[in-house]
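Structure file input-v2.pdb (PDB, C-alpha atoms and all ligand atoms) is printed below.
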MODEL        1
ATOM      1  CA  MET A   1     104.379 115.517  51.274
ATOM      2  CA  ARG A   2     103.854 116.569  47.696
ATOM      3  CA  LEU A   3     100.982 118.789  48.686
ATOM      4  CA  SER A   4     102.903 120.322  51.547
ATOM      5  CA  LYS A   5     105.785 121.124  49.189
ATOM      6  CA  ARG A   6     103.369 122.740  46.810
ATOM      7  CA  LEU A   7     101.771 124.808  49.559
ATOM      8  CA  ALA A   8     105.217 125.853  50.715
ATOM      9  CA  ALA A   9     106.072 126.817  47.158
ATOM     10  CA  VAL A  10     102.921 128.919  46.882
ATOM     11  CA  SER A  11     103.811 130.585  50.141
ATOM     12  CA  ALA A  12     107.385 131.251  49.017
ATOM     13  CA  LEU A  13     106.206 132.710  45.724
ATOM     14  CA  ALA A  14     103.808 134.950  47.597
ATOM     15  CA  LEU A  15     106.677 136.141  49.777
ATOM     16  CA  CYS A  16     108.540 136.958  46.616
ATOM     17  CA  ALA A  17     105.597 138.881  45.214
ATOM     18  CA  VAL A  18     105.315 140.942  48.383
ATOM     19  CA  ALA A  19     108.994 141.795  48.138
ATOM     20  CA  LEU A  20     108.531 143.011  44.585
ATOM     21  CA  GLN A  21     105.558 145.264  45.280
ATOM     22  CA  GLY A  22     106.063 148.997  45.250
ATOM     23  CA  GLN A  23     107.035 149.974  48.755
ATOM     24  CA  GLY A  24     104.310 152.601  49.210
ATOM     25  CA  GLN A  25     101.611 150.198  48.162
ATOM     26  CA  ALA A  26     103.039 147.391  50.267
ATOM     27  CA  GLN A  27     103.301 149.569  53.350
ATOM     28  CA  ALA A  28      99.765 150.893  52.989
ATOM     29  CA  GLN A  29      98.529 147.318  52.671
ATOM     30  CA  ALA A  30     100.623 146.165  55.620
ATOM     31  CA  ARG A  31      99.091 148.762  57.892
ATOM     32  CA  GLN A  32      95.638 147.286  57.335
ATOM     33  CA  GLN A  33      96.290 143.562  57.353
ATOM     34  CA  PRO A  34      99.099 141.071  57.679
ATOM     35  CA  PRO A  35     100.891 140.323  54.396
ATOM     36  CA  ALA A  36      99.173 137.542  52.483
ATOM     37  CA  GLY A  37     102.493 135.843  51.819
ATOM     38  CA  ALA A  38     102.745 134.764  55.430
ATOM     39  CA  PHE A  39     100.130 132.105  54.826
ATOM     40  CA  GLY A  40      99.782 128.933  52.804
ATOM     41  CA  GLY A  41      96.765 127.180  51.281
ATOM     42  CA  ALA A  42      93.849 125.202  52.728
ATOM     43  CA  PRO A  43      94.882 123.295  55.847
ATOM     44  CA  ILE A  44      94.935 119.514  56.196
ATOM     45  CA  MET A  45      93.927 118.303  59.665
ATOM     46  CA  HIS A  46      95.979 115.496  61.240
ATOM     47  CA  THR A  47      94.835 113.553  64.300
ATOM     48  CA  ILE A  48      97.150 112.496  67.127
ATOM     49  CA  LYS A  49      94.339 111.424  69.447
ATOM     50  CA  GLU A  50      90.680 111.618  68.482
ATOM     51  CA  GLY A  51      88.862 114.333  70.417
ATOM     52  CA  LYS A  52      92.081 115.435  72.118
ATOM     53  CA  VAL A  53      95.082 116.430  69.977
ATOM     54  CA  TYR A  54      95.248 117.584  66.355
ATOM     55  CA  TRP A  55      97.551 119.556  64.111
ATOM     56  CA  ALA A  56      97.300 121.184  60.727
ATOM     57  CA  LEU A  57      99.637 122.713  58.179
ATOM     58  CA  SER A  58      99.039 125.779  56.065
ATOM     59  CA  GLY A  59     102.448 127.271  55.418
ATOM     60  CA  ALA A  60     103.323 126.666  59.082
ATOM     61  CA  VAL A  61     102.029 124.060  61.524
ATOM     62  CA  VAL A  62      99.409 124.746  64.190
ATOM     63  CA  GLY A  63      98.605 122.316  67.021
ATOM     64  CA  TYR A  64      95.242 121.989  68.805
ATOM     65  CA  VAL A  65      94.802 120.470  72.248
ATOM     66  CA  ILE A  66      91.204 120.082  73.423
ATOM     67  CA  GLY A  67      90.976 120.885  77.131
ATOM     68  CA  ASP A  68      88.054 120.480  79.553
ATOM     69  CA  THR A  69      86.501 123.832  78.655
ATOM     70  CA  GLY A  70      88.449 125.242  75.700
ATOM     71  CA  VAL A  71      91.103 124.740  73.043
ATOM     72  CA  ILE A  72      94.807 125.336  73.571
ATOM     73  CA  MET A  73      96.561 126.200  70.326
ATOM     74  CA  ILE A  74     100.238 125.667  69.679
ATOM     75  CA  ASP A  75     101.182 128.539  67.374
ATOM     76  CA  ASN A  76      98.524 130.426  65.429
ATOM     77  CA  GLY A  77     100.093 131.408  62.159
ATOM     78  CA  TRP A  78      97.350 131.823  59.570
ATOM     79  CA  PRO A  79      93.931 133.479  59.398
ATOM     80  CA  GLN A  80      91.879 130.248  59.288
ATOM     81  CA  ALA A  81      93.934 128.594  62.045
ATOM     82  CA  SER A  82      91.596 129.298  64.957
ATOM     83  CA  GLY A  83      88.516 128.388  62.877
ATOM     84  CA  ALA A  84      89.910 125.142  61.475
ATOM     85  CA  ILE A  85      89.289 123.245  64.725
ATOM     86  CA  LYS A  86      85.537 124.022  64.577
ATOM     87  CA  SER A  87      85.053 120.820  62.558
ATOM     88  CA  VAL A  88      86.120 118.937  65.714
ATOM     89  CA  THR A  89      84.821 120.950  68.676
ATOM     90  CA  ASN A  90      82.698 123.982  69.560
ATOM     91  CA  LYS A  91      84.876 124.806  72.555
ATOM     92  CA  PRO A  92      86.407 128.291  72.312
ATOM     93  CA  ILE A  93      90.085 129.025  71.840
ATOM     94  CA  THR A  94      91.373 130.096  75.238
ATOM     95  CA  THR A  95      95.145 129.752  75.055
ATOM     96  CA  VAL A  96      97.950 129.994  72.500
ATOM     97  CA  ILE A  97     101.467 128.732  73.188
ATOM     98  CA  GLU A  98     104.063 130.181  70.805
ATOM     99  CA  THR A  99     107.032 128.079  69.682
ATOM    100  CA  HIS A 100     108.741 131.309  68.518
ATOM    101  CA  ASP A 101     107.846 134.754  67.243
ATOM    102  CA  ASP A 102     108.178 134.333  63.464
ATOM    103  CA  THR A 103     105.118 135.838  61.841
ATOM    104  CA  ASP A 104     104.144 132.659  60.005
ATOM    105  CA  HIS A 105     103.640 131.154  63.482
ATOM    106  CA  ILE A 106     101.713 133.967  65.199
ATOM    107  CA  ASN A 107      99.917 136.055  62.571
ATOM    108  CA  GLY A 108      96.636 134.141  62.942
ATOM    109  CA  LEU A 109      96.217 135.885  66.295
ATOM    110  CA  TYR A 110      94.738 138.815  64.381
ATOM    111  CA  ASN A 111      91.903 136.631  63.263
ATOM    112  CA  THR A 112      91.185 134.761  66.499
ATOM    113  CA  PRO A 113      87.890 135.525  68.287
ATOM    114  CA  ASN A 114      88.439 137.328  71.598
ATOM    115  CA  ALA A 115      92.131 137.712  70.817
ATOM    116  CA  ASP A 116      92.489 140.274  73.595
ATOM    117  CA  LYS A 117      91.195 137.758  76.162
ATOM    118  CA  LEU A 118      93.488 134.887  75.172
ATOM    119  CA  LYS A 119      96.185 133.544  77.396
ATOM    120  CA  ILE A 120      99.283 133.817  75.169
ATOM    121  CA  ILE A 121     102.294 131.909  76.472
ATOM    122  CA  ALA A 122     105.828 132.536  75.183
ATOM    123  CA  MET A 123     109.480 132.694  76.173
ATOM    124  CA  GLU A 124     110.611 136.036  77.564
ATOM    125  CA  ASP A 125     112.983 136.572  74.654
ATOM    126  CA  ASN A 126     110.121 135.951  72.223
ATOM    127  CA  TRP A 127     108.065 138.632  73.971
ATOM    128  CA  LYS A 128     110.993 141.073  73.898
ATOM    129  CA  GLN A 129     111.625 140.318  70.251
ATOM    130  CA  GLN A 130     108.035 141.183  69.422
ATOM    131  CA  TRP A 131     108.405 144.585  71.034
ATOM    132  CA  THR A 132     111.817 145.469  69.763
ATOM    133  CA  SER A 133     112.085 144.199  66.201
ATOM    134  CA  PHE A 134     110.261 144.609  62.957
ATOM    135  CA  LYS A 135     107.561 142.070  62.495
ATOM    136  CA  TRP A 136     107.424 140.202  59.219
ATOM    137  CA  THR A 137     110.991 141.150  58.419
ATOM    138  CA  GLU A 138     114.120 142.436  60.028
ATOM    139  CA  LYS A 139     115.120 144.166  56.816
ATOM    140  CA  PRO A 140     114.586 147.924  56.447
ATOM    141  CA  LYS A 141     110.998 149.112  56.203
ATOM    142  CA  ALA A 142     111.920 150.878  52.999
ATOM    143  CA  THR A 143     112.232 147.614  51.077
ATOM    144  CA  CYS A 144     109.946 145.236  52.950
ATOM    145  CA  PRO A 145     106.477 145.674  54.452
ATOM    146  CA  GLN A 146     106.012 145.507  58.184
ATOM    147  CA  SER A 147     102.974 143.782  59.613
ATOM    148  CA  PRO A 148     101.066 145.250  62.536
ATOM    149  CA  MET A 149     101.809 144.047  66.067
ATOM    150  CA  PRO A 150      99.778 140.939  66.977
ATOM    151  CA  PRO A 151      98.387 140.591  70.521
ATOM    152  CA  ALA A 152     101.454 140.246  72.741
ATOM    153  CA  PRO A 153     102.310 137.239  74.910
ATOM    154  CA  ASN A 154     100.918 137.739  78.422
ATOM    155  CA  VAL A 155     102.257 134.634  80.172
ATOM    156  CA  ILE A 156     106.037 134.851  80.070
ATOM    157  CA  ILE A 157     108.284 131.803  80.472
ATOM    158  CA  ARG A 158     111.647 132.482  82.108
ATOM    159  CA  GLN A 159     112.688 128.968  83.113
ATOM    160  CA  PRO A 160     114.191 126.313  80.830
ATOM    161  CA  ARG A 161     111.558 123.777  81.925
ATOM    162  CA  VAL A 162     107.982 124.345  83.037
ATOM    163  CA  GLU A 163     105.608 121.557  83.958
ATOM    164  CA  THR A 164     102.020 122.684  84.051
ATOM    165  CA  THR A 165      98.409 121.622  83.612
ATOM    166  CA  ILE A 166      96.285 123.799  81.369
ATOM    167  CA  ASP A 167      92.538 123.182  81.293
ATOM    168  CA  GLY A 168      93.030 119.595  82.474
ATOM    169  CA  VAL A 169      95.874 118.725  80.066
ATOM    170  CA  LYS A 170      99.483 118.166  81.161
ATOM    171  CA  PHE A 171     102.180 120.148  79.358
ATOM    172  CA  VAL A 172     105.944 120.313  79.704
ATOM    173  CA  LEU A 173     107.495 123.384  78.101
ATOM    174  CA  HIS A 174     111.208 123.152  77.356
ATOM    175  CA  HIS A 175     113.767 125.681  76.239
ATOM    176  CA  PHE A 176     116.970 123.894  75.233
ATOM    177  CA  GLY A 177     118.796 127.072  74.251
ATOM    178  CA  PRO A 178     118.926 128.842  70.883
ATOM    179  CA  SER A 179     118.233 126.881  67.723
ATOM    180  CA  HIS A 180     116.033 128.365  64.961
ATOM    181  CA  THR A 181     115.825 131.520  67.103
ATOM    182  CA  GLY A 182     117.126 132.443  70.540
ATOM    183  CA  HIS A 183     113.800 131.609  72.177
ATOM    184  CA  ASP A 184     112.507 128.331  70.741
ATOM    185  CA  LEU A 185     109.966 126.669  72.987
ATOM    186  CA  ILE A 186     109.334 122.918  72.771
ATOM    187  CA  ILE A 187     105.809 121.937  73.785
ATOM    188  CA  GLU A 188     105.603 118.369  75.096
ATOM    189  CA  LEU A 189     102.349 116.552  75.820
ATOM    190  CA  PRO A 190     103.587 113.694  78.019
ATOM    191  CA  GLU A 191     100.236 111.871  78.044
ATOM    192  CA  TYR A 192     100.426 111.490  74.259
ATOM    193  CA  LYS A 193     104.210 111.136  73.881
ATOM    194  CA  VAL A 194     104.143 113.967  71.386
ATOM    195  CA  ALA A 195     106.161 117.181  71.156
ATOM    196  CA  PHE A 196     105.634 120.226  68.996
ATOM    197  CA  ILE A 197     109.115 121.465  68.162
ATOM    198  CA  GLY A 198     108.459 124.557  66.034
ATOM    199  CA  ASP A 199     111.280 125.286  63.634
ATOM    200  CA  VAL A 200     114.002 123.567  65.671
ATOM    201  CA  VAL A 201     113.725 120.849  63.023
ATOM    202  CA  PHE A 202     111.524 121.057  59.968
ATOM    203  CA  ASP A 203     111.515 118.898  56.916
ATOM    204  CA  ALA A 204     110.254 121.084  54.098
ATOM    205  CA  ASP A 205     112.331 123.324  51.878
ATOM    206  CA  LEU A 206     110.431 126.596  52.215
ATOM    207  CA  PHE A 207     112.009 128.037  49.106
ATOM    208  CA  PRO A 208     111.955 125.152  46.610
ATOM    209  CA  ASP A 209     111.666 127.386  43.566
ATOM    210  CA  HIS A 210     113.262 130.404  45.025
ATOM    211  CA  PRO A 211     115.818 129.119  43.934
ATOM    212  CA  GLY A 212     116.151 126.718  46.858
ATOM    213  CA  LEU A 213     118.380 126.492  49.853
ATOM    214  CA  PRO A 214     121.999 125.453  49.472
ATOM    215  CA  ALA A 215     122.348 121.682  49.624
ATOM    216  CA  GLN A 216     124.327 121.691  52.858
ATOM    217  CA  ASP A 217     121.504 123.524  54.663
ATOM    218  CA  HIS A 218     119.379 120.364  54.178
ATOM    219  CA  GLY A 219     116.138 122.332  53.819
ATOM    220  CA  MET A 220     116.593 124.254  57.072
ATOM    221  CA  PHE A 221     117.661 127.729  58.079
ATOM    222  CA  TRP A 222     118.365 129.662  61.228
ATOM    223  CA  LYS A 223     117.593 133.241  62.194
ATOM    224  CA  SER A 224     120.914 134.914  62.906
ATOM    225  CA  GLU A 225     119.221 138.212  63.774
ATOM    226  CA  LYS A 226     117.251 136.406  66.501
ATOM    227  CA  ARG A 227     120.323 134.572  67.797
ATOM    228  CA  GLY A 228     119.443 131.276  66.156
ATOM    229  CA  THR A 229     122.300 128.922  65.291
ATOM    230  CA  PRO A 230     122.718 125.448  63.775
ATOM    231  CA  ARG A 231     124.998 124.581  66.699
ATOM    232  CA  GLY A 232     122.040 125.139  68.974
ATOM    233  CA  MET A 233     119.996 122.819  66.804
ATOM    234  CA  PHE A 234     122.572 120.038  67.385
ATOM    235  CA  HIS A 235     122.148 120.505  71.146
ATOM    236  CA  ASN A 236     118.352 120.801  70.909
ATOM    237  CA  VAL A 237     118.201 117.478  69.043
ATOM    238  CA  ASP A 238     120.394 115.852  71.713
ATOM    239  CA  GLU A 239     117.858 116.978  74.316
ATOM    240  CA  LEU A 240     114.811 116.017  72.221
ATOM    241  CA  LEU A 241     116.199 112.497  71.842
ATOM    242  CA  LYS A 242     116.207 112.152  75.657
ATOM    243  CA  LEU A 243     112.462 112.866  75.946
ATOM    244  CA  ASP A 244     109.931 110.086  76.383
ATOM    245  CA  VAL A 245     108.314 111.146  73.120
ATOM    246  CA  THR A 246     107.637 109.141  69.956
ATOM    247  CA  THR A 247     106.065 111.772  67.690
ATOM    248  CA  PHE A 248     107.640 115.131  66.891
ATOM    249  CA  ILE A 249     105.732 117.776  64.952
ATOM    250  CA  GLY A 250     108.023 120.237  63.177
ATOM    251  CA  GLY A 251     107.027 123.735  62.131
ATOM    252  CA  HIS A 252     106.644 123.060  58.397
ATOM    253  CA  GLY A 253     105.628 119.755  56.866
ATOM    254  CA  ASN A 254     102.790 117.272  56.666
ATOM    255  CA  ASN A 255     104.806 114.394  58.105
ATOM    256  CA  ALA A 256     105.306 113.790  61.804
ATOM    257  CA  LEU A 257     108.948 113.082  62.659
ATOM    258  CA  THR A 258     110.468 110.231  64.632
ATOM    259  CA  LYS A 259     113.618 110.299  66.741
ATOM    260  CA  ALA A 260     115.417 108.648  63.825
ATOM    261  CA  ASP A 261     114.302 111.499  61.521
ATOM    262  CA  LEU A 262     115.611 114.118  63.943
ATOM    263  CA  ARG A 263     118.913 112.304  64.318
ATOM    264  CA  THR A 264     119.383 111.871  60.565
ATOM    265  CA  LYS A 265     118.710 115.522  59.824
ATOM    266  CA  ARG A 266     120.975 116.707  62.639
ATOM    267  CA  ASP A 267     123.800 114.344  61.651
ATOM    268  CA  LEU A 268     123.747 115.475  58.008
ATOM    269  CA  ILE A 269     123.996 119.145  58.947
ATOM    270  CA  LYS A 270     126.541 118.494  61.680
ATOM    271  CA  ALA A 271     128.792 116.553  59.306
ATOM    272  CA  ASP A 272     128.743 119.463  56.862
ATOM    273  CA  TYR A 273     129.307 121.920  59.695
ATOM    274  CA  GLU A 274     132.343 120.054  60.978
ATOM    275  CA  LYS A 275     133.832 119.602  57.511
ATOM    276  CA  GLN A 276     133.526 123.331  56.858
ATOM    277  CA  ALA A 277     134.853 124.275  60.311
ATOM    278  CA  ALA A 278     138.022 122.330  59.520
ATOM    279  CA  MET A 279     138.422 124.407  56.355
ATOM    280  CA  VAL A 280     138.030 127.633  58.349
ATOM    281  CA  ARG A 281     140.578 126.481  60.918
ATOM    282  CA  GLY A 282     142.858 125.788  57.959
ATOM    283  CA  GLY A 283     142.668 129.483  57.064
ATOM    284  CA  MET A 284     139.954 129.571  54.413
ATOM    285  CA  SER A 285     138.034 132.826  53.877
ATOM    286  CA  LEU A 286     134.223 132.901  53.893
ATOM    287  CA  GLU A 287     134.206 133.658  50.184
ATOM    288  CA  ASP A 288     136.436 130.675  49.421
ATOM    289  CA  LEU A 289     134.430 128.454  51.762
ATOM    290  CA  ARG A 290     131.227 129.302  49.910
ATOM    291  CA  LYS A 291     132.935 128.477  46.617
ATOM    292  CA  ALA A 292     134.395 125.250  47.990
ATOM    293  CA  VAL A 293     130.976 123.939  49.071
ATOM    294  CA  GLY A 294     129.129 125.246  46.015
ATOM    295  CA  ASP A 295     127.218 127.906  47.910
ATOM    296  CA  ASP A 296     128.374 130.711  45.645
ATOM    297  CA  LYS A 297     125.946 129.612  42.920
ATOM    298  CA  TYR A 298     122.941 130.543  45.084
ATOM    299  CA  GLY A 299     121.839 134.155  44.864
ATOM    300  CA  ALA A 300     119.999 136.228  47.435
ATOM    301  CA  ARG A 301     117.198 134.119  48.841
ATOM    302  CA  GLY A 302     114.063 134.462  50.892
ATOM    303  CA  GLY A 303     112.678 137.793  49.668
ATOM    304  CA  CYS A 304     111.828 139.723  52.795
ATOM    305  CA  ILE A 305     112.852 136.887  55.111
ATOM    306  CA  ALA A 306     116.369 137.503  56.320
ATOM    307  CA  TYR A 307     118.531 134.440  56.785
ATOM    308  CA  VAL A 308     122.074 133.411  56.229
ATOM    309  CA  ASP A 309     123.608 130.194  54.972
ATOM    310  CA  LEU A 310     125.442 127.436  56.813
ATOM    311  CA  PRO A 311     128.939 128.576  55.670
ATOM    312  CA  TRP A 312     128.287 131.999  57.257
ATOM    313  CA  TYR A 313     127.529 130.353  60.611
ATOM    314  CA  VAL A 314     130.463 127.981  60.362
ATOM    315  CA  TYR A 315     132.853 130.763  59.444
ATOM    316  CA  THR A 316     131.593 133.259  62.051
ATOM    317  CA  GLU A 317     131.341 130.770  64.902
ATOM    318  CA  THR A 318     134.630 129.002  64.170
ATOM    319  CA  LYS A 319     136.477 132.324  63.936
ATOM    320  CA  ARG A 320     134.920 133.416  67.221
ATOM    321  CA  ASP A 321     136.024 130.165  68.894
ATOM    322  CA  MET A 322     139.548 130.584  67.539
ATOM    323  CA  GLN A 323     139.684 134.131  68.905
ATOM    324  CA  GLU A 324     138.403 133.020  72.301
ATOM    325  CA  LEU A 325     141.016 130.292  72.529
ATOM    326  CA  LYS A 326     143.657 132.801  71.548
ATOM    327  CA  ASN A 327     142.455 135.272  74.207
ATOM    328  CA  LYS A 328     142.680 132.534  76.803
ATOM    329  CA  GLY A 329     146.261 131.877  75.762
ATOM    330  CA  THR A 330     145.499 128.267  74.856
ATOM    331  CA  VAL A 331     146.482 128.834  71.257
ATOM    332  CA  LYS A 332     149.480 130.972  70.310
TER     333      LYS A 332
HETATM  334 ZN    ZN A 401     108.448 128.763  60.536
ENDMDL
END
Could you spell out this file's structure in structure tokens?
Amino acid sequence: MRLSKRLAAVSALALCAVALQGQGQAQAQARQQPPAGAFGGAPIMHTIKEGKVYWALSGAVVGYVIGDTGVIMIDNGWPQASGAIKSVTNKPITTVIETHDDTDHINGLYNTPNADKLKIIAMEDNWKQQWTSFKWTEKPKATCPQSPMPPAPNVIIRQPRVETTIDGVKFVLHHFGPSHTGHDLIIELPEYKVAFIGDVVFDADLFPDHPGLPAQDHGMFWKSEKRGTPRGMFHNVDELLKLDVTTFIGGHGNNALTKADLRTKRDLIKADYEKQAAMVRGGMSLEDLRKAVGDDKYGARGGCIAYVDLPWYVYTETKRDMQELKNKGTVK
């Protein structure tokens, strides 16, 4: 855990450094290669089932499933990701399943042998997002570098649940609605009672020295510009708890999570959400809400990663609900 925090800190500092570079220099660099800040340090390999299922963390988590003839990766976020499994098998990488489109989860595709021949599986909204938005950042190109387009998904998921067998291994792919983004994909391996859950729940503060996330965010954040929402996370956790799964691998962290871990994290954030929603219903402004929960002491965070804090979601979503109720005539 210590090590993972340190790697995350290195990664966050690198993000910061990229943000501070002169824009011309940063853009020239970005045209040639993905920004270095998207990646962490040397990966640590974890085993779920010897010879079958592994995962490793280097900034973001990557999963490896050894099929009959090749390797199926779950996310592919860093340059060494596709090579790291060579210590286990000589089978080639054939498939990548993306939990979501954030660059720290897909930028290793640049460095994967035969990248143009890979089967790349993703939610439709993920695929659209990759074509329509800036990669690396949603902030203006003028202030943040943009990474080149990685190989695009070519197997598009449109259903909320897909049961399939890939190279002899059973998979169930679930979309439980928006959470970290609008297109989070949960990858369940029923034979191993394991699920890779991307950034729906993760247990590492990605910005520990940067200067850290507000306490009520509990080390997590959601991508508003990709239609993520903490409310969706509450629902996603409800659905994850129903699965016949014992081991959950989040998108950032060296510890596998249990159902109890998911529940605890969700309950902490939900309690804060509900407390703040009551304040908004009582007429509090966003500015006052941030002051009331101590959020005002945190400055701009995340460098070139755009994200907003929990009070922003609570305020925006509660206000929207109040307006909807009013429009329906339920509330005068
Ligand atoms: Zn992530």
Evaluating the PyMOL selection byres (((chain A and resi 216-226) around 9) and not hetatm) on the displayed file yields which residues, as a PyMOL selection string?
chain A and resi 129+138+178-183+199-208+212-215+227-230+233+265+268-269+272-273+293+295+306-311+313
Contacts of ligand ZN 401 (chain A), 7 Å or closer, only C-alpha atoms and all ligand atoms, given as a list of chain:residue names:
A:Ala60, A:Asp102, A:Asp104, A:His105, A:Gly198, A:Asp199, A:Gly251, A:His252
Resulting file, chosen residues, C-alpha atoms, as an mmCIF file, keeping the file's coordinate frame:
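Just written: selection_11.cif:
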data_model
loop_
_atom_site.group_PDB
_atom_site.id
_atom_site.type_symbol
_atom_site.label_atom_id
_atom_site.label_comp_id
_atom_site.auth_asym_id
_atom_site.auth_seq_id
_atom_site.Cartn_x
_atom_site.Cartn_y
_atom_site.Cartn_z
ATOM 1 C CA ALA A 60 103.323 126.666 59.082
ATOM 2 C CA ASP A 102 108.178 134.333 63.464
ATOM 3 C CA ASP A 104 104.144 132.659 60.005
ATOM 4 C CA HIS A 105 103.640 131.154 63.482
ATOM 5 C CA GLY A 198 108.459 124.557 66.034
ATOM 6 C CA ASP A 199 111.280 125.286 63.634
ATOM 7 C CA GLY A 251 107.027 123.735 62.131
ATOM 8 C CA HIS A 252 106.644 123.060 58.397
#
So what does the PyMOL selection byres (((chain A and resi 113) around 10) and not hetatm) actually pick up in this one, as a ChimeraX atom specification?
/A:82-83,92-94,109-112,114-118
Just give me the gap between atom CA of Pro150 of chain A and atom CA of Tyr64 of chain A in Å, one decimal is fine.
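So the two atoms, atom CA of Pro150 of chain A and atom CA of Tyr64 of chain A, lie 19.6 Å apart.
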Contacts of Met45 of chain A within 7 Å, all atoms listed in the file, excl. fewer than 4 positions in-chain, as a PDB file with C-alpha atoms, in the frame of the given file:
ATOM      1  CA  TYR A  54      95.248 117.584  66.355  1.00  0.00           C
ATOM      2  CA  TRP A  55      97.551 119.556  64.111  1.00  0.00           C
ATOM      3  CA  ALA A  56      97.300 121.184  60.727  1.00  0.00           C
TER       4      ALA A  56
END
When you look at segment 279-291 of chain A with a cut-off of 9 Å (counting all atoms listed in the file), what residues show up, excluding the ones that are within fewer than 2 positions of it in the same chain? I need them as a JSON list (two decimals) with C-alpha atoms, in the coordinates of the input.
[["chain", "number", "residue", "atom", "x", "y", "z"],
["A", 274, "GLU", "CA", 132.34, 120.05, 60.98],
["A", 275, "LYS", "CA", 133.83, 119.60, 57.51],
["A", 276, "GLN", "CA", 133.53, 123.33, 56.86],
["A", 277, "ALA", "CA", 134.85, 124.28, 60.31],
["A", 293, "VAL", "CA", 130.98, 123.94, 49.07],
["A", 294, "GLY", "CA", 129.13, 125.25, 46.02],
["A", 295, "ASP", "CA", 127.22, 127.91, 47.91],
["A", 296, "ASP", "CA", 128.37, 130.71, 45.64],
["A", 297, "LYS", "CA", 125.95, 129.61, 42.92],
["A", 311, "PRO", "CA", 128.94, 128.58, 55.67],
["A", 312, "TRP", "CA", 128.29, 132.00, 57.26],
["A", 314, "VAL", "CA", 130.46, 127.98, 60.36],
["A", 315, "TYR", "CA", 132.85, 130.76, 59.44],
["A", 316, "THR", "CA", 131.59, 133.26, 62.05],
["A", 318, "THR", "CA", 134.63, 129.00, 64.17],
["A", 319, "LYS", "CA", 136.48, 132.32, 63.94],
["A", 322, "MET", "CA", 139.55, 130.58, 67.54]]
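Interatomic distance, atom CA of Gly51 of chain A to atom CA of Leu185 of chain A: 24.6 Å.
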